[in-house]
$ cat entry.cif   # mmCIF, C-alpha atoms
data_input
#
loop_
_atom_site.label_atom_id
_atom_site.label_comp_id
_atom_site.auth_asym_id
_atom_site.auth_seq_id
_atom_site.Cartn_x
_atom_site.Cartn_y
_atom_site.Cartn_z
CA MET A 1 115.48 -48.82 130.13
CA SER A 2 113.61 -46.67 132.64
CA ALA A 3 115.21 -46.24 136.05
CA ASN A 4 111.85 -47.03 137.65
CA ARG A 5 111.32 -50.36 135.94
CA PRO A 6 112.60 -53.77 137.04
CA SER A 7 115.92 -54.33 135.33
CA GLU A 8 116.55 -57.08 132.82
CA SER A 9 118.68 -58.82 135.46
CA GLY A 10 115.68 -59.07 137.76
CA TYR A 11 116.64 -56.47 140.37
CA VAL A 12 114.13 -53.80 141.19
CA ALA A 13 115.38 -50.22 140.93
CA ASN A 14 112.42 -48.63 142.73
CA VAL A 15 111.03 -49.99 145.97
CA SER A 16 107.24 -49.84 145.95
CA PRO A 17 104.52 -52.45 146.45
CA ILE A 18 104.07 -52.93 142.74
CA ALA A 19 107.79 -53.13 141.99
CA GLU A 20 108.15 -55.80 144.66
CA SER A 21 105.79 -58.10 142.85
CA LYS A 22 107.75 -61.12 141.72
CA LYS A 23 105.31 -61.78 138.90
CA LEU A 24 105.61 -58.25 137.60
CA GLU A 25 109.39 -58.44 137.77
CA PHE A 26 109.24 -61.76 135.94
CA TYR A 27 106.97 -60.43 133.18
CA PHE A 28 109.31 -57.53 132.52
CA SER A 29 112.34 -59.82 132.56
CA ILE A 30 110.86 -62.11 129.90
CA ARG A 31 109.46 -59.16 127.95
CA HIS A 32 105.85 -60.25 128.45
CA TRP A 33 104.43 -56.77 128.06
CA THR A 34 100.77 -57.76 128.34
CA GLY A 35 101.32 -59.42 131.72
CA ALA A 36 103.43 -56.51 132.96
CA TYR A 37 100.77 -54.02 131.84
CA TYR A 38 97.97 -55.98 133.50
CA LEU A 39 99.75 -56.42 136.85
CA THR A 40 100.80 -52.77 136.96
CA GLY A 41 97.19 -51.63 136.58
CA LEU A 42 95.99 -54.26 139.01
CA GLY A 43 98.39 -52.83 141.61
CA VAL A 44 96.74 -49.42 141.23
CA GLU A 45 93.29 -51.01 141.44
CA CYS A 46 94.23 -52.76 144.69
CA ALA A 47 95.66 -49.52 146.13
CA LEU A 48 92.43 -47.66 145.36
CA LYS A 49 90.40 -50.46 146.91
CA ALA A 50 92.61 -50.27 150.02
CA CYS A 51 91.60 -46.59 150.28
CA LEU A 52 87.94 -47.58 149.92
CA ALA A 53 88.33 -50.20 152.63
CA ARG A 54 89.11 -47.42 155.13
CA ALA A 55 85.46 -46.39 154.89
CA VAL A 56 84.29 -49.74 156.25
CA GLN A 57 84.93 -50.26 159.94
CA GLN A 58 84.97 -53.58 161.74
CA HIS A 59 81.43 -54.81 162.43
CA ASP A 60 79.96 -52.33 159.90
CA PHE A 61 77.42 -53.52 157.41
CA PRO A 62 78.44 -51.48 154.35
CA ASP A 63 75.98 -49.97 151.93
CA LYS A 64 75.23 -52.49 149.18
CA GLY A 65 75.30 -49.80 146.47
CA PHE A 66 78.79 -48.73 147.56
CA ILE A 67 80.02 -52.32 147.54
CA ASN A 68 78.48 -53.01 144.12
CA ARG A 69 80.08 -49.86 142.67
CA ALA A 70 83.45 -51.01 144.06
CA TYR A 71 83.20 -54.18 141.94
CA THR A 72 84.86 -52.54 138.96
CA HIS A 73 88.25 -52.43 137.31
CA LYS A 74 87.73 -48.83 136.14
CA LEU A 75 90.29 -46.82 138.10
CA GLU A 76 88.58 -43.45 137.81
CA GLU A 77 85.28 -44.92 139.00
CA LEU A 78 87.05 -46.39 142.04
CA ALA A 79 88.70 -43.07 142.86
CA ARG A 80 85.32 -41.29 142.63
CA LEU A 81 83.83 -43.61 145.27
CA ASP A 82 85.98 -41.99 147.98
CA VAL A 83 84.89 -38.35 148.00
CA GLU A 84 87.87 -37.19 150.06
CA LEU A 85 90.31 -39.02 147.80
CA TRP A 86 88.57 -37.65 144.68
CA VAL A 87 88.89 -34.07 145.96
CA GLN A 88 92.56 -34.60 146.83
CA LEU A 89 93.18 -36.18 143.43
CA ASN A 90 91.66 -33.23 141.60
CA ASN A 91 93.62 -30.79 143.74
CA GLU A 92 96.84 -32.63 142.91
CA LEU A 93 95.95 -32.69 139.21
CA SER A 94 95.64 -28.91 139.25
CA VAL A 95 99.04 -28.28 140.86
CA ASP A 96 101.32 -31.08 139.61
CA VAL A 97 101.62 -31.23 135.82
CA LYS A 98 103.66 -34.45 135.91
CA PHE A 99 101.13 -36.14 138.18
CA ALA A 100 98.33 -35.00 135.86
CA SER A 101 100.14 -36.59 132.93
CA ASN A 102 100.72 -39.79 134.91
CA TRP A 103 97.07 -39.97 136.00
CA SER A 104 95.99 -39.47 132.39
CA THR A 105 98.03 -42.55 131.46
CA VAL A 106 97.02 -44.70 134.44
CA ARG A 107 93.29 -43.94 134.35
CA GLN A 108 93.16 -45.43 130.85
CA TRP A 109 94.31 -48.85 132.09
CA ASP A 110 92.01 -51.51 130.71
CA ASP A 111 92.00 -54.89 132.42
CA GLU A 112 90.49 -56.44 129.27
CA LYS A 113 93.79 -55.88 127.46
CA ARG A 114 95.11 -58.92 129.29
CA TYR A 115 93.33 -60.94 126.60
CA GLY A 116 95.13 -59.12 123.81
CA VAL A 117 98.62 -57.91 123.04
CA VAL A 118 100.19 -54.90 124.75
CA ASP A 119 103.43 -53.54 123.32
CA GLU A 120 106.56 -52.64 125.28
CA GLY A 121 105.96 -48.89 125.04
CA GLU A 122 102.48 -49.08 126.55
CA ALA A 123 103.62 -51.38 129.36
CA ASN A 124 106.61 -49.17 130.20
CA SER A 125 104.52 -46.01 130.01
CA LEU A 126 101.97 -47.39 132.46
CA TYR A 127 104.66 -48.69 134.80
CA THR A 128 106.55 -45.39 134.83
CA ALA A 129 103.38 -43.33 135.35
CA THR A 130 102.47 -45.63 138.21
CA THR A 131 105.77 -45.89 140.07
CA GLU A 132 107.54 -42.57 139.50
CA PRO A 133 108.84 -41.68 143.00
CA VAL A 134 107.51 -38.12 143.29
CA SER A 135 104.54 -37.92 140.91
CA GLY A 136 103.68 -41.57 140.35
CA VAL A 137 100.05 -42.51 140.80
CA LEU A 138 100.66 -45.52 143.03
CA GLU A 139 103.04 -43.55 145.21
CA TRP A 140 100.43 -40.79 145.54
CA ILE A 141 97.68 -43.26 146.49
CA ARG A 142 99.94 -45.09 148.92
CA ARG A 143 100.47 -41.88 150.89
CA ARG A 144 96.71 -41.77 151.44
CA TRP A 145 95.75 -45.27 152.47
#

$ encode --input "entry.cif" --output "structure tokens"
Amino acid sequence: MSANRPSESGYVANVSPIAESKKLEFYFSIRHWTGAYYLTGLGVECALKACLARAVQQHDFPDKGFINRAYTHKLEELARLDVELWVQLNNELSVDVKFASNWSTVRQWDDEKRYGVVDEGEANSLYTATTEPVSGVLEWIRRRW
């Protein structure tokens, strides 16, 4: 079992917003890989949308095109909406090989897989790429929101 994944006993080995999710912990504990996969990706989606929310100040009337483009589950499309974040992401991809590998895994998250069957390896791979303490995608995003 990965050191970054919720343990079978239900304790979380890595403290991060996604690892604190009781539902995610539960899905891993009952070996419901599809649910664990979906919630892991959803955590990244929410983190990216938190970054996008910085662009909208109180009492602003945001651009409708921007808001419509934010209505997506495609992680790379969300990252591209924040130019500063996109530049930082690409800079990080060029200097951190592990982060680049993790992003490659995470950016392929597909919310539609929640209607199918995801195996243990795919769920664990996404979770690890997301929550790795130094080069995990969620940890990287969290430092920027």

$ resolve_selection --input "entry.cif" --expression "the PyMOL selection byres ((chain A and resi 75) around 9)" --output "CSV table (one decimal) with C-alpha atoms, in the frame of the given file"
chain,number,residue,atom,x,y,z
A,41,GLY,CA,97.2,-51.6,136.6
A,44,VAL,CA,96.7,-49.4,141.2
A,45,GLU,CA,93.3,-51.0,141.4
A,48,LEU,CA,92.4,-47.7,145.4
A,72,THR,CA,84.9,-52.5,139.0
A,73,HIS,CA,88.2,-52.4,137.3
A,74,LYS,CA,87.7,-48.8,136.1
A,76,GLU,CA,88.6,-43.4,137.8
A,77,GLU,CA,85.3,-44.9,139.0
A,78,LEU,CA,87.0,-46.4,142.0
A,79,ALA,CA,88.7,-43.1,142.9
A,80,ARG,CA,85.3,-41.3,142.6
A,106,VAL,CA,97.0,-44.7,134.4
A,107,ARG,CA,93.3,-43.9,134.4
A,108,GLN,CA,93.2,-45.4,130.8
A,109,TRP,CA,94.3,-48.8,132.1
A,110,ASP,CA,92.0,-51.5,130.7

$ residues_around --input "entry.cif" --residues "Ala129 (chain A)" --least-positions-apart "2" --cutoff "10 Å" --atoms "only C-alpha atoms" --output "PDB file with C-alpha atoms, in the frame of the given file"
ATOM      1  CA  ASN A   4     111.850 -47.030 137.650  1.00  0.00           C
ATOM      2  CA  THR A  40     100.800 -52.770 136.960  1.00  0.00           C
ATOM      3  CA  LYS A  98     103.660 -34.450 135.910  1.00  0.00           C
ATOM      4  CA  PHE A  99     101.130 -36.140 138.180  1.00  0.00           C
ATOM      5  CA  ALA A 100      98.330 -35.000 135.860  1.00  0.00           C
ATOM      6  CA  SER A 101     100.140 -36.590 132.930  1.00  0.00           C
ATOM      7  CA  ASN A 102     100.720 -39.790 134.910  1.00  0.00           C
ATOM      8  CA  TRP A 103      97.070 -39.970 136.000  1.00  0.00           C
ATOM      9  CA  SER A 104      95.990 -39.470 132.390  1.00  0.00           C
ATOM     10  CA  THR A 105      98.030 -42.550 131.460  1.00  0.00           C
ATOM     11  CA  VAL A 106      97.020 -44.700 134.440  1.00  0.00           C
ATOM     12  CA  ASN A 124     106.610 -49.170 130.200  1.00  0.00           C
ATOM     13  CA  SER A 125     104.520 -46.010 130.010  1.00  0.00           C
ATOM     14  CA  LEU A 126     101.970 -47.390 132.460  1.00  0.00           C
ATOM     15  CA  TYR A 127     104.660 -48.690 134.800  1.00  0.00           C
ATOM     16  CA  THR A 131     105.770 -45.890 140.070  1.00  0.00           C
ATOM     17  CA  GLU A 132     107.540 -42.570 139.500  1.00  0.00           C
ATOM     18  CA  PRO A 133     108.840 -41.680 143.000  1.00  0.00           C
ATOM     19  CA  SER A 135     104.540 -37.920 140.910  1.00  0.00           C
ATOM     20  CA  GLY A 136     103.680 -41.570 140.350  1.00  0.00           C
ATOM     21  CA  VAL A 137     100.050 -42.510 140.800  1.00  0.00           C
ATOM     22  CA  LEU A 138     100.660 -45.520 143.030  1.00  0.00           C
ATOM     23  CA  GLU A 139     103.040 -43.550 145.210  1.00  0.00           C
TER      24      GLU A 139
END

$ closest_residue --input "entry.cif" --among "A:Ala55, A:Asp96, A:Asn90, A:Lys23" --to "Tyr38 (chain A)" --atoms "only C-alpha atoms"
A:Lys23

$ closest_residue --input "entry.cif" --among "A:Arg69, A:His32, A:Lys49, A:Arg144" --to "Val117 (chain A)" --atoms "only C-alpha atoms"
A:His32

$ closest_residue --input "entry.cif" --among "A:Arg31, A:Arg142, A:Lys22, A:His59" --to "Thr130 (chain A)" --atoms "only C-alpha atoms"
A:Arg142

$ resolve_selection --input "entry.cif" --expression "the PyMOL selection byres ((chain A and resi 145) around 8)" --output "list in words"
Ala47, Ala50, Cys51, Arg54, Ile141, Arg142, Arg143 and Arg144 of chain A

$ atom_distance --input "entry.cif" --atom1 "CA of Phe28 (chain A)" --atom2 "CA of Glu120 (chain A)"
9.2 Å

$ axis_aligned_box --input "entry.cif" --around "region 30-45 of chain A" --padding-each-side "6 Å" --output "JSON"
{"center_x": 102.1, "center_y": -55.8, "center_z": 134.8, "size_x": 29.6, "size_y": 24.7, "size_z": 25.7}

$ atom_distance --input "entry.cif" --atom1 "CA of Tyr115 (chain A)" --atom2 "CA of Ala70 (chain A)"
22.4 Å

$ closest_residue --input "entry.cif" --among "A:Ala36, A:Leu93, A:Val118, A:Val56" --to "Trp140 (chain A)" --atoms "all atoms listed in the file"
A:Leu93

$ atom_distance --input "entry.cif" --atom1 "CA of Glu25 (chain A)" --atom2 "CA of Leu39 (chain A)"
9.9 Å
